[in-house]
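Accompanying notes for the structure given below.
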Amino acid sequence: MLRVARLHDRRGSYYLASLVAERSPQELAGRGAPRAPGRWAGRGSDRLGLCGDVDPRALAALLAGTNPASGRPLRPRAGSIAAFDLTFAAPKSLSALFALGDLRAAAAALDAHDAAVGAGLAYMARHGAAVRRTSGEERVVLPVGGLVAASFPHASSRAGDPHLHTHVVVVNLAHGADGRWSALDC
């Protein structure tokens with residue numbers, strides 16, 4: 001299931017601070033030590049040189065509409081929507097398998113969920129994202145070269161029950177086919 005919400009927080013506080021206390025799904029599935037709460041995702045992130053663990057300062061810069069490397073604005077003006085929270089939730093049966101199965105079953109459930117999130121984000125970038133250009137009364141909608149996003153996986157709900165889900169914070173910023181960065185056309 002996919003839920004989409006507007007995000008007005010320009011610091012990403014919830015995603016960076018509250019998730020640090022939670023054990024990551026990868027850790028729970030026996031895949032090593034704890035790691036940073038989020039990872040960069042999307043071809044737009046790659047275009048900006050963002051890969052691996054999410055740097056809180058870089059995320060805050062992007063949410064404010066600036067290039068994290070140079071500090072220069074990537075879009076002419078900041079709108080009221082900093083980003084979109086795409087929450088990809090696994091079916092309850094997969095969450096239960098992840099939580100109650102052995103390490104092999106948990107790893108398989110996590111792999112299936114991660115693959116679904118990746119496919120969903122790629123689909124959104126190809127078919128659900130665009131930028132708008134206006135000239136006088138003419139309005140042109142252009143495809144984007146990928147989304148700028150940060151992925152934050154969870155293994156449980158706020159109530160503590162098994163709930164495998166991933167918040168993908170898609171910054172309201174995209175690189176249009178014309179080579180310019182701007183807000184997404186929503």
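Order determines the names: the first chain of the structure tokens is A, the second B, and so forth; residues in each chain are numbered 1 upward, and ligands are numbered 1 upward as they are shown.
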
If you count only C-alpha atoms, which residues fall within 9 Å of region 176-185 of chain A, apart from same-chain ones fewer than 4 positions away, as a PDB file with C-alpha atoms, in the first residue's frame?
ATOM      1  CA  GLY A  65      15.697  24.115  -2.052  1.00  0.00           C
ATOM      2  CA  LEU A  74      18.369  24.854  -6.988  1.00  0.00           C
ATOM      3  CA  ARG A  75      15.002  26.446  -7.606  1.00  0.00           C
ATOM      4  CA  PRO A  76      14.021  30.116  -7.819  1.00  0.00           C
ATOM      5  CA  ARG A  77      11.789  30.202  -4.728  1.00  0.00           C
ATOM      6  CA  ALA A  78      10.871  27.853  -1.935  1.00  0.00           C
ATOM      7  CA  GLY A  79       7.232  26.789  -1.929  1.00  0.00           C
ATOM      8  CA  ALA A 129       6.683  13.065 -11.693  1.00  0.00           C
ATOM      9  CA  ALA A 130       7.061  16.082 -13.929  1.00  0.00           C
ATOM     10  CA  VAL A 131       8.083  19.729 -13.862  1.00  0.00           C
ATOM     11  CA  ARG A 132       6.164  22.626 -15.362  1.00  0.00           C
ATOM     12  CA  VAL A 141       4.962  19.807 -18.638  1.00  0.00           C
ATOM     13  CA  LEU A 142       8.314  18.032 -18.908  1.00  0.00           C
ATOM     14  CA  PRO A 143       9.468  14.643 -17.637  1.00  0.00           C
ATOM     15  CA  VAL A 144      12.125  14.519 -14.930  1.00  0.00           C
ATOM     16  CA  GLY A 145      15.492  12.796 -14.854  1.00  0.00           C
ATOM     17  CA  GLY A 146      14.734  11.082 -11.548  1.00  0.00           C
ATOM     18  CA  VAL A 171      12.116  16.372  -2.099  1.00  0.00           C
ATOM     19  CA  ASN A 172       9.905  18.841  -3.968  1.00  0.00           C
TER      20      ASN A 172
END

Between region 66-124 of chain A and region 147-165 of chain A, at 8 Å or less, what are the per-residue closest atom pairs and their distances in Å? Count only C-alpha atoms, order by chain and rising residue number, and return it as a tab-separated table.
residue	atom	partner	partner_atom	distance
A:Thr87	CA	A:His165	CA	6.8
A:Phe88	CA	A:His165	CA	5.5
A:Ala89	CA	A:His165	CA	4.2
A:Ala90	CA	A:Leu164	CA	5.6
A:Lys92	CA	A:His163	CA	6.7
A:Leu94	CA	A:Leu164	CA	7.7
A:Ser95	CA	A:Leu164	CA	5.0
A:Ala96	CA	A:Pro162	CA	6.1
A:Phe98	CA	A:Leu164	CA	7.7
A:Ala99	CA	A:Pro162	CA	6.1
A:His113	CA	A:Leu164	CA	7.9

Dump of N, CA and C atoms for the selected residues, as a PDB file, in the first residue's frame:
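Output below, filename selection-v9.pdb:
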ATOM      1  N   THR A  87       4.841   6.691   1.763  1.00  0.00           N
ATOM      2  CA  THR A  87       4.982   5.600   2.726  1.00  0.00           C
ATOM      3  C   THR A  87       4.526   4.308   2.070  1.00  0.00           C
ATOM      4  N   PHE A  88       5.491   3.417   1.832  1.00  0.00           N
ATOM      5  CA  PHE A  88       5.233   2.111   1.239  1.00  0.00           C
ATOM      6  C   PHE A  88       5.084   1.114   2.383  1.00  0.00           C
ATOM      7  N   ALA A  89       3.892   0.555   2.549  1.00  0.00           N
ATOM      8  CA  ALA A  89       3.618  -0.381   3.650  1.00  0.00           C
ATOM      9  C   ALA A  89       3.453  -1.791   3.107  1.00  0.00           C
ATOM     10  N   ALA A  90       4.181  -2.713   3.708  1.00  0.00           N
ATOM     11  CA  ALA A  90       4.062  -4.124   3.333  1.00  0.00           C
ATOM     12  C   ALA A  90       2.733  -4.664   3.853  1.00  0.00           C
ATOM     13  N   LYS A  92       0.234  -6.915   5.972  1.00  0.00           N
ATOM     14  CA  LYS A  92       0.409  -7.363   7.360  1.00  0.00           C
ATOM     15  C   LYS A  92       1.016  -8.768   7.424  1.00  0.00           C
ATOM     16  N   LEU A  94       3.238 -10.083   5.444  1.00  0.00           N
ATOM     17  CA  LEU A  94       4.676  -9.978   5.247  1.00  0.00           C
ATOM     18  C   LEU A  94       5.346  -9.392   6.493  1.00  0.00           C
ATOM     19  N   SER A  95       4.692  -8.417   7.117  1.00  0.00           N
ATOM     20  CA  SER A  95       5.221  -7.848   8.366  1.00  0.00           C
ATOM     21  C   SER A  95       5.288  -8.899   9.460  1.00  0.00           C
ATOM     22  N   ALA A  96       4.272  -9.747   9.541  1.00  0.00           N
ATOM     23  CA  ALA A  96       4.264 -10.819  10.544  1.00  0.00           C
ATOM     24  C   ALA A  96       5.363 -11.840  10.258  1.00  0.00           C
ATOM     25  N   PHE A  98       8.153 -11.233   8.728  1.00  0.00           N
ATOM     26  CA  PHE A  98       9.399 -10.552   9.058  1.00  0.00           C
ATOM     27  C   PHE A  98       9.644 -10.602  10.572  1.00  0.00           C
ATOM     28  N   ALA A  99       8.609 -10.320  11.354  1.00  0.00           N
ATOM     29  CA  ALA A  99       8.769 -10.228  12.804  1.00  0.00           C
ATOM     30  C   ALA A  99       8.855 -11.586  13.490  1.00  0.00           C
ATOM     31  N   HIS A 113      10.155  -6.618   0.346  1.00  0.00           N
ATOM     32  CA  HIS A 113       9.670  -5.254   0.616  1.00  0.00           C
ATOM     33  C   HIS A 113      10.574  -4.216  -0.053  1.00  0.00           C
TER      34      HIS A 113
END

Using only C-alpha atoms, can you tell me which of A:Val140, A:Leu103, A:Leu86, A:Val168 comes closest to Arg39 (chain A)?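 For Arg39 (chain A), the nearest of the candidates is A:Val168.
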
Within 12 Å of Gly52 (chain A), counting only C-alpha atoms, which residues show up once you throw out same-chain ones fewer than 3 positions away? Write them as a CSV table (one decimal) with all heavy atoms, in the first residue's frame, please.
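The resulting file, result.csv, is shown below:
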chain,number,residue,atom,x,y,z
A,35,ARG,N,22.8,1.0,11.5
A,35,ARG,CA,23.3,2.0,10.6
A,35,ARG,C,22.6,3.3,10.6
A,35,ARG,O,21.6,3.4,11.4
A,35,ARG,CB,23.3,1.4,9.2
A,35,ARG,CG,21.9,1.1,8.7
A,35,ARG,CD,21.9,0.7,7.2
A,35,ARG,NE,20.6,0.4,6.8
A,35,ARG,CZ,19.6,1.3,6.5
A,35,ARG,NH1,19.9,2.6,6.7
A,35,ARG,NH2,18.5,0.9,6.1
A,36,ALA,N,22.9,4.2,9.8
A,36,ALA,CA,22.2,5.5,9.8
A,36,ALA,C,20.8,5.3,9.5
A,36,ALA,O,20.4,4.3,8.9
A,36,ALA,CB,22.8,6.4,8.7
A,37,PRO,N,19.9,6.2,10.0
A,37,PRO,CA,18.5,6.0,9.8
A,37,PRO,C,18.0,6.0,8.4
A,37,PRO,O,16.9,5.5,8.1
A,37,PRO,CB,17.8,7.1,10.6
A,37,PRO,CG,18.9,8.1,10.8
A,37,PRO,CD,20.2,7.4,10.7
A,38,GLY,N,18.7,6.6,7.5
A,38,GLY,CA,18.2,6.7,6.1
A,38,GLY,C,19.3,6.5,5.1
A,38,GLY,O,20.5,6.7,5.3
A,39,ARG,N,18.8,6.3,3.8
A,39,ARG,CA,19.7,6.1,2.7
A,39,ARG,C,19.2,6.9,1.5
A,39,ARG,O,18.0,7.0,1.3
A,39,ARG,CB,19.8,4.7,2.3
A,39,ARG,CG,20.1,3.7,3.4
A,39,ARG,CD,21.3,2.9,3.4
A,39,ARG,NE,22.0,2.6,2.1
A,39,ARG,CZ,23.3,2.7,2.0
A,39,ARG,NH1,24.0,3.1,3.0
A,39,ARG,NH2,23.9,2.3,0.9
A,40,TRP,N,20.1,7.5,0.7
A,40,TRP,CA,19.6,8.3,-0.4
A,40,TRP,C,19.0,7.3,-1.5
A,40,TRP,O,19.5,6.2,-1.6
A,40,TRP,CB,20.8,9.0,-1.0
A,40,TRP,CG,21.3,10.1,-0.2
A,40,TRP,CD1,22.5,10.2,0.5
A,40,TRP,CD2,20.6,11.3,0.2
A,40,TRP,NE1,22.5,11.3,1.3
A,40,TRP,CE2,21.4,12.1,1.1
A,40,TRP,CE3,19.4,11.9,-0.2
A,40,TRP,CZ2,21.0,13.3,1.6
A,40,TRP,CZ3,19.0,13.1,0.4
A,40,TRP,CH2,19.8,13.8,1.2
A,41,ALA,N,18.1,7.8,-2.2
A,41,ALA,CA,17.4,7.0,-3.2
A,41,ALA,C,17.1,7.9,-4.4
A,41,ALA,O,17.0,9.1,-4.3
A,41,ALA,CB,16.1,6.4,-2.7
A,42,GLY,N,16.9,7.3,-5.6
A,42,GLY,CA,16.4,8.1,-6.7
A,42,GLY,C,17.6,8.6,-7.6
A,42,GLY,O,18.6,8.9,-7.1
A,45,SER,N,19.0,12.1,-6.8
A,45,SER,CA,20.0,12.1,-5.7
A,45,SER,C,21.3,11.8,-6.3
A,45,SER,O,22.3,12.5,-6.0
A,45,SER,CB,19.6,11.1,-4.6
A,45,SER,OG,18.4,11.4,-4.0
A,46,ASP,N,21.4,10.8,-7.2
A,46,ASP,CA,22.7,10.5,-7.8
A,46,ASP,C,23.2,11.7,-8.6
A,46,ASP,O,24.4,11.9,-8.5
A,46,ASP,CB,22.5,9.3,-8.8
A,46,ASP,CG,22.1,8.0,-8.1
A,46,ASP,OD1,22.3,7.9,-6.9
A,46,ASP,OD2,21.6,7.1,-8.8
A,49,GLY,N,25.2,13.8,-6.5
A,49,GLY,CA,26.3,13.2,-5.8
A,49,GLY,C,25.9,12.7,-4.5
A,49,GLY,O,26.8,12.4,-3.6
A,55,ASP,N,22.9,12.3,5.0
A,55,ASP,CA,23.5,13.3,5.8
A,55,ASP,C,22.4,14.3,6.2
A,55,ASP,O,21.8,15.0,5.3
A,55,ASP,CB,24.6,14.0,5.1
A,55,ASP,CG,25.3,15.2,5.8
A,55,ASP,OD1,24.9,15.5,7.0
A,55,ASP,OD2,26.1,15.8,5.2
A,149,ALA,N,15.5,11.7,-3.4
A,149,ALA,CA,14.7,11.1,-2.3
A,149,ALA,C,15.6,10.5,-1.2
A,149,ALA,O,16.8,10.2,-1.5
A,149,ALA,CB,13.8,10.0,-2.9
A,150,ALA,N,15.1,10.3,0.0
A,150,ALA,CA,15.8,9.7,1.1
A,150,ALA,C,14.8,8.6,1.6
A,150,ALA,O,13.6,8.9,1.8
A,150,ALA,CB,16.1,10.7,2.2
A,151,SER,N,15.3,7.4,1.8
A,151,SER,CA,14.5,6.3,2.2
A,151,SER,C,14.8,5.9,3.7
A,151,SER,O,15.9,5.8,4.1
A,151,SER,CB,14.9,5.1,1.3
A,151,SER,OG,14.2,3.9,1.7

From a backbone DSSP assignment, name each residue in region 22-103 of chain A labelled alpha helix (DSSP H), as a ChimeraX atom specification. /A:25-28,43-47,56-63,92-100,103

Separation of CA of Leu50 (chain A) from CA of Ala69 (chain A) in Å: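 Interatomic distance, CA of Ala69 (chain A) to CA of Leu50 (chain A): 9.6 Å.
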
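Comparing A:Asn67, A:Met1, A:Thr166, A:Arg6 by their smallest distance to Ala82 (chain A), the closest is A:Arg6 (using only C-alpha atoms).
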
From the list A:Val117, A:Val169, A:Cys186, A:Ala112, which residue is nearest Leu7 (chain A) when using only C-alpha atoms? A:Val169

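Minimum atom-to-atom distance to Asp9 (chain A), evaluated using only C-alpha atoms, belongs to A:Ala83 out of A:Ala119, A:Ala83, A:Asp53, A:His127.
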